Amino acid sequence: MLTIPTPFPVGPVNVYLVKEDDGLTLIDVGPRFEPAQEALQEQLARRGYRLSDVRRIILTHVHSDHCGLAGMLAEESGAEVYSHPANFSLLADYAAERERWLAFYAALMQEAGMPADQVVQVDRLRRGMSRYMTPVRPTGPLKEGDTLPLGGEEWRVLHTPGHSGGLICLYQPQRQLLISSDHLLRDVSSNPIVEPPEQDGRERPRRLAEYLSQLQRVAELPVELALPGHGLFISDVRDLVARRLAFHEERARRVANLLQNGARTAYDLSLHLFPHPDPVNRFLAVSEVIGHLEVLELRGEVVSVVENGVRLWQIGTSPDDGL
Ligand SMILES: [Zn+2]
């Protein structure tokens, strides 16, 4: 495991290095960020390798702290790049796909009841994140059920959407090892951020609902040790998943309780749940509240209506249910 610095509050990212007969495989690479590139070079050098020894790059998901350096690294080393197909458009055509995502978030935050000046501020801040990414053209896909030779062992690809729609974990059944990326972190609960549909016009995925079911799936696997995308290894996967599920359940209950006194917007609910002042955290808070509302909606506990372009949530069952 290499520990690569990031400019983000989450702290350093874990990059896993696998020695192969013909060179190295890296699982994630770090952000496009000068200290990250230096750390990667230096930590490879300490083991007797150079960037040009990297033959293969596996990207667990398309967040810049994990994959931002991939373009530079692939160009320098000629390495092949593998990831889940859901990540391909953002990886290969970052500038255009990013615009689509930003337009989606602006419209979503507006509908959630966020004041216009804050929507603009969030957009500006999210736009600034682009500097930590370099586009990279993936060589091939890694999909659910694929097997992947890594360091002479067979690993299984698990597609575990939630934290991000194209997130993959890698599992080695004999040694019961799980490379869990940001699906399961020891010290922080991973935030399944709302994402646009893969194509405009399709139904929007419900990332928190997906995340909760994918957590349960991972807890059912025999796992001796999980190697996460940030922080220390995890030896108590089942207990940790139980704690995460309880945490999200408690948050969902708080959202439902806040609706007991009448209809509210997701933005308004976020002010009650998370009284943080800064815009990025406000965006993340609204996104999380939308996730809880969708989980409650799937259970038939809440419904929403759009009035004057703003979505209001309330306790109740949809008259359309069962159709
Ligand atoms: Zn992530």
# chains A, B, ... in the order shown; residues from 1 in each chain; ligands from 1

$ residues_near_ligand --ligand "ligand 1" --cutoff "12 Å" --atoms "only C-alpha atoms and all ligand atoms" --output "ChimeraX atom specification"
/A:8,10-14,28,30-31,59-68,161-168,180-185,188-193,228-230

$ residues_around --residues "Val280 of chain A" --least-positions-apart "6" --cutoff "10 Å" --atoms "only C-alpha atoms" --output "ChimeraX atom specification"
/A:118,121-123,125-126

$ residues_around --residues "Leu24 of chain A" --least-positions-apart "3" --cutoff "10 Å" --atoms "only C-alpha atoms" --output "PDB file with all heavy atoms, in the first residue's frame"
ATOM      1  N   LEU A  17      -0.217  -1.437  -4.842  1.00  0.00           N
ATOM      2  CA  LEU A  17       0.759  -1.803  -5.860  1.00  0.00           C
ATOM      3  C   LEU A  17       0.875  -3.322  -5.877  1.00  0.00           C
ATOM      4  O   LEU A  17       1.021  -3.948  -4.825  1.00  0.00           O
ATOM      5  CB  LEU A  17       2.083  -1.151  -5.473  1.00  0.00           C
ATOM      6  CG  LEU A  17       3.347  -1.400  -6.273  1.00  0.00           C
ATOM      7  CD1 LEU A  17       4.284  -0.224  -6.056  1.00  0.00           C
ATOM      8  CD2 LEU A  17       4.033  -2.670  -5.840  1.00  0.00           C
ATOM      9  N   VAL A  18       0.782  -3.908  -7.066  1.00  0.00           N
ATOM     10  CA  VAL A  18       0.921  -5.355  -7.209  1.00  0.00           C
ATOM     11  C   VAL A  18       2.082  -5.630  -8.159  1.00  0.00           C
ATOM     12  O   VAL A  18       2.131  -5.075  -9.258  1.00  0.00           O
ATOM     13  CB  VAL A  18      -0.376  -5.988  -7.776  1.00  0.00           C
ATOM     14  CG1 VAL A  18      -0.255  -7.509  -7.803  1.00  0.00           C
ATOM     15  CG2 VAL A  18      -1.588  -5.560  -6.959  1.00  0.00           C
ATOM     16  N   LYS A  19       3.019  -6.470  -7.712  1.00  0.00           N
ATOM     17  CA  LYS A  19       4.164  -6.821  -8.563  1.00  0.00           C
ATOM     18  C   LYS A  19       3.756  -7.945  -9.511  1.00  0.00           C
ATOM     19  O   LYS A  19       3.278  -8.989  -9.067  1.00  0.00           O
ATOM     20  CB  LYS A  19       5.337  -7.285  -7.696  1.00  0.00           C
ATOM     21  CG  LYS A  19       5.943  -6.166  -6.878  1.00  0.00           C
ATOM     22  CD  LYS A  19       7.011  -6.690  -5.934  1.00  0.00           C
ATOM     23  CE  LYS A  19       7.360  -5.618  -4.915  1.00  0.00           C
ATOM     24  NZ  LYS A  19       8.195  -6.125  -3.821  1.00  0.00           N
ATOM     25  N   GLU A  20       3.946  -7.710 -10.796  1.00  0.00           N
ATOM     26  CA  GLU A  20       3.663  -8.719 -11.811  1.00  0.00           C
ATOM     27  C   GLU A  20       4.990  -9.114 -12.463  1.00  0.00           C
ATOM     28  O   GLU A  20       5.998  -8.433 -12.270  1.00  0.00           O
ATOM     29  CB  GLU A  20       2.728  -8.147 -12.898  1.00  0.00           C
ATOM     30  CG  GLU A  20       1.518  -7.386 -12.380  1.00  0.00           C
ATOM     31  CD  GLU A  20       0.378  -8.291 -11.925  1.00  0.00           C
ATOM     32  OE1 GLU A  20       0.543  -9.531 -11.933  1.00  0.00           O
ATOM     33  OE2 GLU A  20      -0.671  -7.740 -11.544  1.00  0.00           O
ATOM     34  N   ASP A  21       4.964 -10.195 -13.284  1.00  0.00           N
ATOM     35  CA  ASP A  21       6.196 -10.623 -13.948  1.00  0.00           C
ATOM     36  C   ASP A  21       6.750  -9.533 -14.861  1.00  0.00           C
ATOM     37  O   ASP A  21       7.959  -9.372 -14.985  1.00  0.00           O
ATOM     38  CB  ASP A  21       5.940 -11.892 -14.774  1.00  0.00           C
ATOM     39  CG  ASP A  21       5.676 -13.085 -13.851  1.00  0.00           C
ATOM     40  OD1 ASP A  21       6.082 -12.998 -12.666  1.00  0.00           O
ATOM     41  OD2 ASP A  21       5.067 -14.066 -14.300  1.00  0.00           O
ATOM     42  N   ILE A  27      -3.552  -0.087  -8.309  1.00  0.00           N
ATOM     43  CA  ILE A  27      -4.985   0.033  -8.105  1.00  0.00           C
ATOM     44  C   ILE A  27      -5.217   1.424  -7.523  1.00  0.00           C
ATOM     45  O   ILE A  27      -4.807   1.697  -6.392  1.00  0.00           O
ATOM     46  CB  ILE A  27      -5.504  -1.085  -7.196  1.00  0.00           C
ATOM     47  CG1 ILE A  27      -5.225  -2.415  -7.901  1.00  0.00           C
ATOM     48  CG2 ILE A  27      -6.993  -0.915  -6.908  1.00  0.00           C
ATOM     49  CD1 ILE A  27      -5.216  -3.599  -6.995  1.00  0.00           C
ATOM     50  N   LEU A  44       7.561   4.640  -5.290  1.00  0.00           N
ATOM     51  CA  LEU A  44       7.941   3.586  -6.247  1.00  0.00           C
ATOM     52  C   LEU A  44       9.469   3.437  -6.245  1.00  0.00           C
ATOM     53  O   LEU A  44       9.991   2.319  -6.203  1.00  0.00           O
ATOM     54  CB  LEU A  44       7.450   3.921  -7.656  1.00  0.00           C
ATOM     55  CG  LEU A  44       5.945   3.824  -7.925  1.00  0.00           C
ATOM     56  CD1 LEU A  44       5.623   4.216  -9.370  1.00  0.00           C
ATOM     57  CD2 LEU A  44       5.420   2.419  -7.656  1.00  0.00           C
ATOM     58  N   TYR A  49      11.431   0.949  -8.322  1.00  0.00           N
ATOM     59  CA  TYR A  49      10.665   1.079  -9.577  1.00  0.00           C
ATOM     60  C   TYR A  49      10.588   2.524 -10.035  1.00  0.00           C
ATOM     61  O   TYR A  49      10.769   3.455  -9.246  1.00  0.00           O
ATOM     62  CB  TYR A  49       9.234   0.555  -9.384  1.00  0.00           C
ATOM     63  CG  TYR A  49       9.170  -0.909  -9.059  1.00  0.00           C
ATOM     64  CD1 TYR A  49       8.878  -1.344  -7.761  1.00  0.00           C
ATOM     65  CD2 TYR A  49       9.406  -1.861 -10.052  1.00  0.00           C
ATOM     66  CE1 TYR A  49       8.827  -2.685  -7.464  1.00  0.00           C
ATOM     67  CE2 TYR A  49       9.351  -3.208  -9.756  1.00  0.00           C
ATOM     68  CZ  TYR A  49       9.057  -3.622  -8.462  1.00  0.00           C
ATOM     69  OH  TYR A  49       9.010  -4.943  -8.170  1.00  0.00           O
ATOM     70  N   ARG A  50      10.261   2.648 -11.326  1.00  0.00           N
ATOM     71  CA  ARG A  50       9.994   3.967 -11.893  1.00  0.00           C
ATOM     72  C   ARG A  50       8.568   3.987 -12.432  1.00  0.00           C
ATOM     73  O   ARG A  50       7.950   2.935 -12.604  1.00  0.00           O
ATOM     74  CB  ARG A  50      10.975   4.243 -13.035  1.00  0.00           C
ATOM     75  CG  ARG A  50      12.388   4.498 -12.539  1.00  0.00           C
ATOM     76  CD  ARG A  50      13.343   4.702 -13.694  1.00  0.00           C
ATOM     77  NE  ARG A  50      13.312   3.529 -14.589  1.00  0.00           N
ATOM     78  CZ  ARG A  50      14.052   3.395 -15.661  1.00  0.00           C
ATOM     79  NH1 ARG A  50      14.866   4.367 -16.010  1.00  0.00           N
ATOM     80  NH2 ARG A  50      13.990   2.314 -16.412  1.00  0.00           N
ATOM     81  N   LEU A  51       8.083   5.195 -12.747  1.00  0.00           N
ATOM     82  CA  LEU A  51       6.724   5.303 -13.307  1.00  0.00           C
ATOM     83  C   LEU A  51       6.582   4.447 -14.561  1.00  0.00           C
ATOM     84  O   LEU A  51       5.534   3.877 -14.828  1.00  0.00           O
ATOM     85  CB  LEU A  51       6.393   6.766 -13.635  1.00  0.00           C
ATOM     86  CG  LEU A  51       6.229   7.732 -12.462  1.00  0.00           C
ATOM     87  CD1 LEU A  51       5.835   9.118 -12.974  1.00  0.00           C
ATOM     88  CD2 LEU A  51       5.178   7.240 -11.470  1.00  0.00           C
ATOM     89  N   SER A  52       7.680   4.345 -15.330  1.00  0.00           N
ATOM     90  CA  SER A  52       7.613   3.584 -16.589  1.00  0.00           C
ATOM     91  C   SER A  52       7.451   2.079 -16.358  1.00  0.00           C
ATOM     92  O   SER A  52       7.193   1.328 -17.293  1.00  0.00           O
ATOM     93  CB  SER A  52       8.861   3.867 -17.424  1.00  0.00           C
ATOM     94  OG  SER A  52      10.014   3.560 -16.660  1.00  0.00           O
ATOM     95  N   ASP A  53       7.616   1.611 -15.131  1.00  0.00           N
ATOM     96  CA  ASP A  53       7.403   0.187 -14.834  1.00  0.00           C
ATOM     97  C   ASP A  53       5.922  -0.160 -14.667  1.00  0.00           C
ATOM     98  O   ASP A  53       5.577  -1.336 -14.559  1.00  0.00           O
ATOM     99  CB  ASP A  53       8.146  -0.216 -13.546  1.00  0.00           C
ATOM    100  CG  ASP A  53       9.652  -0.133 -13.721  1.00  0.00           C
ATOM    101  OD1 ASP A  53      10.132  -0.580 -14.784  1.00  0.00           O
ATOM    102  OD2 ASP A  53      10.333   0.383 -12.817  1.00  0.00           O
ATOM    103  N   VAL A  54       5.073   0.854 -14.593  1.00  0.00           N
ATOM    104  CA  VAL A  54       3.639   0.585 -14.409  1.00  0.00           C
ATOM    105  C   VAL A  54       3.069   0.077 -15.735  1.00  0.00           C
ATOM    106  O   VAL A  54       3.149   0.746 -16.763  1.00  0.00           O
ATOM    107  CB  VAL A  54       2.884   1.853 -13.931  1.00  0.00           C
ATOM    108  CG1 VAL A  54       1.401   1.563 -13.779  1.00  0.00           C
ATOM    109  CG2 VAL A  54       3.473   2.353 -12.614  1.00  0.00           C
ATOM    110  N   ARG A  55       2.527  -1.147 -15.721  1.00  0.00           N
ATOM    111  CA  ARG A  55       1.992  -1.764 -16.930  1.00  0.00           C
ATOM    112  C   ARG A  55       0.478  -1.631 -17.010  1.00  0.00           C
ATOM    113  O   ARG A  55      -0.132  -1.676 -18.043  1.00  0.00           O
ATOM    114  CB  ARG A  55       2.329  -3.268 -16.953  1.00  0.00           C
ATOM    115  CG  ARG A  55       3.782  -3.566 -17.132  1.00  0.00           C
ATOM    116  CD  ARG A  55       4.194  -3.461 -18.612  1.00  0.00           C
ATOM    117  NE  ARG A  55       5.641  -3.593 -18.734  1.00  0.00           N
ATOM    118  CZ  ARG A  55       6.494  -2.570 -18.634  1.00  0.00           C
ATOM    119  NH1 ARG A  55       6.038  -1.356 -18.415  1.00  0.00           N
ATOM    120  NH2 ARG A  55       7.789  -2.753 -18.754  1.00  0.00           N
ATOM    121  N   ARG A  56      -0.121  -1.568 -15.820  1.00  0.00           N
ATOM    122  CA  ARG A  56      -1.581  -1.636 -15.785  1.00  0.00           C
ATOM    123  C   ARG A  56      -2.092  -0.775 -14.631  1.00  0.00           C
ATOM    124  O   ARG A  56      -1.541  -0.821 -13.531  1.00  0.00           O
ATOM    125  CB  ARG A  56      -1.976  -3.100 -15.547  1.00  0.00           C
ATOM    126  CG  ARG A  56      -3.357  -3.438 -15.983  1.00  0.00           C
ATOM    127  CD  ARG A  56      -3.534  -4.936 -16.108  1.00  0.00           C
ATOM    128  NE  ARG A  56      -2.988  -5.632 -14.940  1.00  0.00           N
ATOM    129  CZ  ARG A  56      -3.392  -6.833 -14.536  1.00  0.00           C
ATOM    130  NH1 ARG A  56      -4.333  -7.464 -15.183  1.00  0.00           N
ATOM    131  NH2 ARG A  56      -2.849  -7.393 -13.484  1.00  0.00           N
ATOM    132  N   ILE A  57      -3.150  -0.002 -14.915  1.00  0.00           N
ATOM    133  CA  ILE A  57      -3.773   0.839 -13.897  1.00  0.00           C
ATOM    134  C   ILE A  57      -5.230   0.411 -13.778  1.00  0.00           C
ATOM    135  O   ILE A  57      -5.939   0.322 -14.786  1.00  0.00           O
ATOM    136  CB  ILE A  57      -3.704   2.333 -14.301  1.00  0.00           C
ATOM    137  CG1 ILE A  57      -2.248   2.799 -14.404  1.00  0.00           C
ATOM    138  CG2 ILE A  57      -4.481   3.201 -13.326  1.00  0.00           C
ATOM    139  CD1 ILE A  57      -2.088   4.153 -15.096  1.00  0.00           C
ATOM    140  N   ALA A  79       0.919   2.521 -19.780  1.00  0.00           N
ATOM    141  CA  ALA A  79       0.141   1.500 -19.070  1.00  0.00           C
ATOM    142  C   ALA A  79      -1.279   1.396 -19.629  1.00  0.00           C
ATOM    143  O   ALA A  79      -1.839   2.369 -20.123  1.00  0.00           O
ATOM    144  CB  ALA A  79       0.075   1.847 -17.583  1.00  0.00           C
ATOM    145  N   LEU A 150      -4.125 -10.932 -10.602  1.00  0.00           N
ATOM    146  CA  LEU A 150      -3.337  -9.894  -9.920  1.00  0.00           C
ATOM    147  C   LEU A 150      -2.237 -10.580  -9.133  1.00  0.00           C
ATOM    148  O   LEU A 150      -2.534 -11.356  -8.217  1.00  0.00           O
ATOM    149  CB  LEU A 150      -4.212  -9.130  -8.918  1.00  0.00           C
ATOM    150  CG  LEU A 150      -5.009  -7.901  -9.354  1.00  0.00           C
ATOM    151  CD1 LEU A 150      -5.723  -7.310  -8.153  1.00  0.00           C
ATOM    152  CD2 LEU A 150      -4.113  -6.866 -10.004  1.00  0.00           C
ATOM    153  N   GLY A 151      -0.999 -10.339  -9.502  1.00  0.00           N
ATOM    154  CA  GLY A 151       0.126 -10.927  -8.778  1.00  0.00           C
ATOM    155  C   GLY A 151       0.020 -12.448  -8.681  1.00  0.00           C
ATOM    156  O   GLY A 151       0.327 -13.026  -7.642  1.00  0.00           O
TER     157      GLY A 151
END

$ closest_atom_pairs --of "segment 49-128 of chain A" --to "segment 285-306 of chain A" --cutoff "12 Å" --atoms "only C-alpha atoms" --output "CSV"
residue,atom,partner,partner_atom,distance
A:Tyr105,CA,A:Ser287,CA,9.5
A:Ala106,CA,A:Ser287,CA,11.9
A:Leu108,CA,A:Ser287,CA,9.1
A:Met109,CA,A:Val286,CA,7.7
A:Gln110,CA,A:Val286,CA,10.8
A:Glu111,CA,A:Val306,CA,8.0
A:Ala112,CA,A:Val286,CA,7.6
A:Gly113,CA,A:Val286,CA,9.5
A:Met114,CA,A:Val286,CA,8.6
A:Gln118,CA,A:Val286,CA,11.9
A:Val119,CA,A:Val286,CA,11.5
A:Val122,CA,A:Val286,CA,11.6

$ atom_distance --atom1 "atom CA of Ser130 of chain A" --atom2 "atom CA of Ala95 of chain A"
8.1 Å

$ select_by_dssp --residues "segment 39-125 of chain A" --states "strand (DSSP E)" --output "count of residues only"
10

$ atom_distance --atom1 "atom CA of Val15 of chain A" --atom2 "atom CA of Leu91 of chain A"
18.0 Å

$ select_by_dssp --residues "segment 94-220 of chain A" --states "alpha helix (DSSP H)" --output "PyMOL selection string"
chain A and resi 94-111+116-128+207-220

$ closest_residue --among "A:Ser235, A:Ser83, A:Thr139, A:Asn261" --to "Leu177 of chain A" --atoms "only C-alpha atoms"
A:Ser235

$ atom_distance --atom1 "atom CA of Val223 of chain A" --atom2 "atom CA of Pro173 of chain A"
8.1 Å

$ residues_around --residues "Ala36 of chain A" --least-positions-apart "2" --cutoff "6 Å" --atoms "only C-alpha atoms" --output "list in words"
Ile4, Pro5, Phe33, Glu34, Glu38 and Ala39 of chain A

$ write_last_selection --atoms "N, CA, C and O atoms" --output "short mmCIF file (atom, residue, chain, number, x, y, z; two decimals), in the first residue's frame"
data_model
loop_
_atom_site.label_atom_id
_atom_site.label_comp_id
_atom_site.auth_asym_id
_atom_site.auth_seq_id
_atom_site.Cartn_x
_atom_site.Cartn_y
_atom_site.Cartn_z
N ILE A 4 -0.77 8.28 -0.65
CA ILE A 4 -0.55 9.42 -1.55
C ILE A 4 -1.35 10.62 -1.04
O ILE A 4 -2.56 10.50 -0.81
N PRO A 5 -0.69 11.76 -0.88
CA PRO A 5 -1.42 12.94 -0.35
C PRO A 5 -2.46 13.46 -1.33
O PRO A 5 -2.31 13.31 -2.54
N PHE A 33 -2.03 16.38 -8.72
CA PHE A 33 -1.67 17.28 -7.62
C PHE A 33 -0.18 17.06 -7.42
O PHE A 33 0.24 15.92 -7.20
N GLU A 34 0.58 18.11 -7.55
CA GLU A 34 2.06 18.01 -7.54
C GLU A 34 2.58 17.10 -6.40
O GLU A 34 3.33 16.16 -6.65
N GLU A 38 4.74 13.53 -6.81
CA GLU A 38 6.06 13.36 -6.19
C GLU A 38 6.07 12.16 -5.24
O GLU A 38 7.00 11.36 -5.25
N ALA A 39 5.01 12.04 -4.45
CA ALA A 39 4.94 10.93 -3.48
C ALA A 39 4.89 9.59 -4.21
O ALA A 39 5.54 8.63 -3.79
#

$ residues_around --residues "Glu198 of chain A" --least-positions-apart "6" --cutoff "10 Å" --atoms "only C-alpha atoms" --output "number ranges by chain"
A: 86-87, 89, 165, 204-205

$ write_last_selection --atoms "N, CA and C atoms" --output "compact mmCIF listing (two decimals), in the first residue's frame"
# COMPACT_ATOMS: atom_id res chain seq x y z
N ALA A 86 -19.20 2.24 -16.51
CA ALA A 86 -19.95 3.43 -16.07
C ALA A 86 -19.03 4.63 -15.87
N ASN A 87 -17.72 4.39 -15.74
CA ASN A 87 -16.78 5.49 -15.52
C ASN A 87 -16.17 6.02 -16.82
N SER A 89 -17.15 7.50 -19.67
CA SER A 89 -17.38 8.82 -20.27
C SER A 89 -16.70 9.92 -19.46
N GLY A 165 -21.44 5.55 -8.87
CA GLY A 165 -22.17 4.54 -9.67
C GLY A 165 -21.27 3.50 -10.31
N ARG A 204 -33.03 8.81 -12.73
CA ARG A 204 -31.85 9.06 -11.91
C ARG A 204 -31.63 7.90 -10.93
N PRO A 205 -30.38 7.39 -10.84
CA PRO A 205 -30.13 6.30 -9.89
C PRO A 205 -30.30 6.77 -8.45

$ closest_residue --among "A:His159, A:Ala266, A:Met72, A:Leu227" --to "Tyr211 of chain A" --atoms "only C-alpha atoms"
A:His159

$ residues_around --residues "Val237 of chain A" --least-positions-apart "4" --cutoff "12 Å" --atoms "only C-alpha atoms" --output "PyMOL selection string"
chain A and resi 176-180+183-186+215-228+233+241-244

$ write_last_selection --atoms "C-alpha atoms" --output "short mmCIF file (atom, residue, chain, number, x, y, z; two decimals), in the first residue's frame"
data_model
loop_
_atom_site.label_atom_id
_atom_site.label_comp_id
_atom_site.auth_asym_id
_atom_site.auth_seq_id
_atom_site.Cartn_x
_atom_site.Cartn_y
_atom_site.Cartn_z
CA GLN A 176 -10.58 -13.55 1.79
CA LEU A 177 -9.17 -10.17 0.92
CA LEU A 178 -11.36 -7.32 -0.26
CA ILE A 179 -10.02 -4.18 -1.89
CA SER A 180 -12.97 -2.08 -0.78
CA HIS A 183 -17.32 1.46 -0.52
CA LEU A 184 -16.17 0.69 3.00
CA LEU A 185 -13.85 2.93 5.02
CA ARG A 186 -12.90 2.32 8.62
CA LEU A 215 -23.03 -2.83 1.93
CA GLN A 216 -25.19 -5.77 2.95
CA ARG A 217 -23.85 -7.79 0.04
CA VAL A 218 -20.24 -7.18 1.12
CA ALA A 219 -21.08 -8.12 4.72
CA GLU A 220 -22.27 -11.52 3.49
CA LEU A 221 -18.88 -12.34 1.93
CA PRO A 222 -16.24 -14.05 4.02
CA VAL A 223 -13.70 -11.23 4.44
CA GLU A 224 -10.62 -11.58 6.59
CA LEU A 225 -9.29 -8.13 5.77
CA ALA A 226 -10.59 -5.20 3.75
CA LEU A 227 -8.11 -2.80 2.15
CA PRO A 228 -9.91 0.53 1.82
CA PHE A 233 -7.26 -1.82 7.02
CA VAL A 241 -21.32 -2.67 8.01
CA ALA A 242 -23.85 -3.14 10.84
CA ARG A 243 -22.71 0.18 12.35
CA ARG A 244 -22.93 1.97 8.99
#
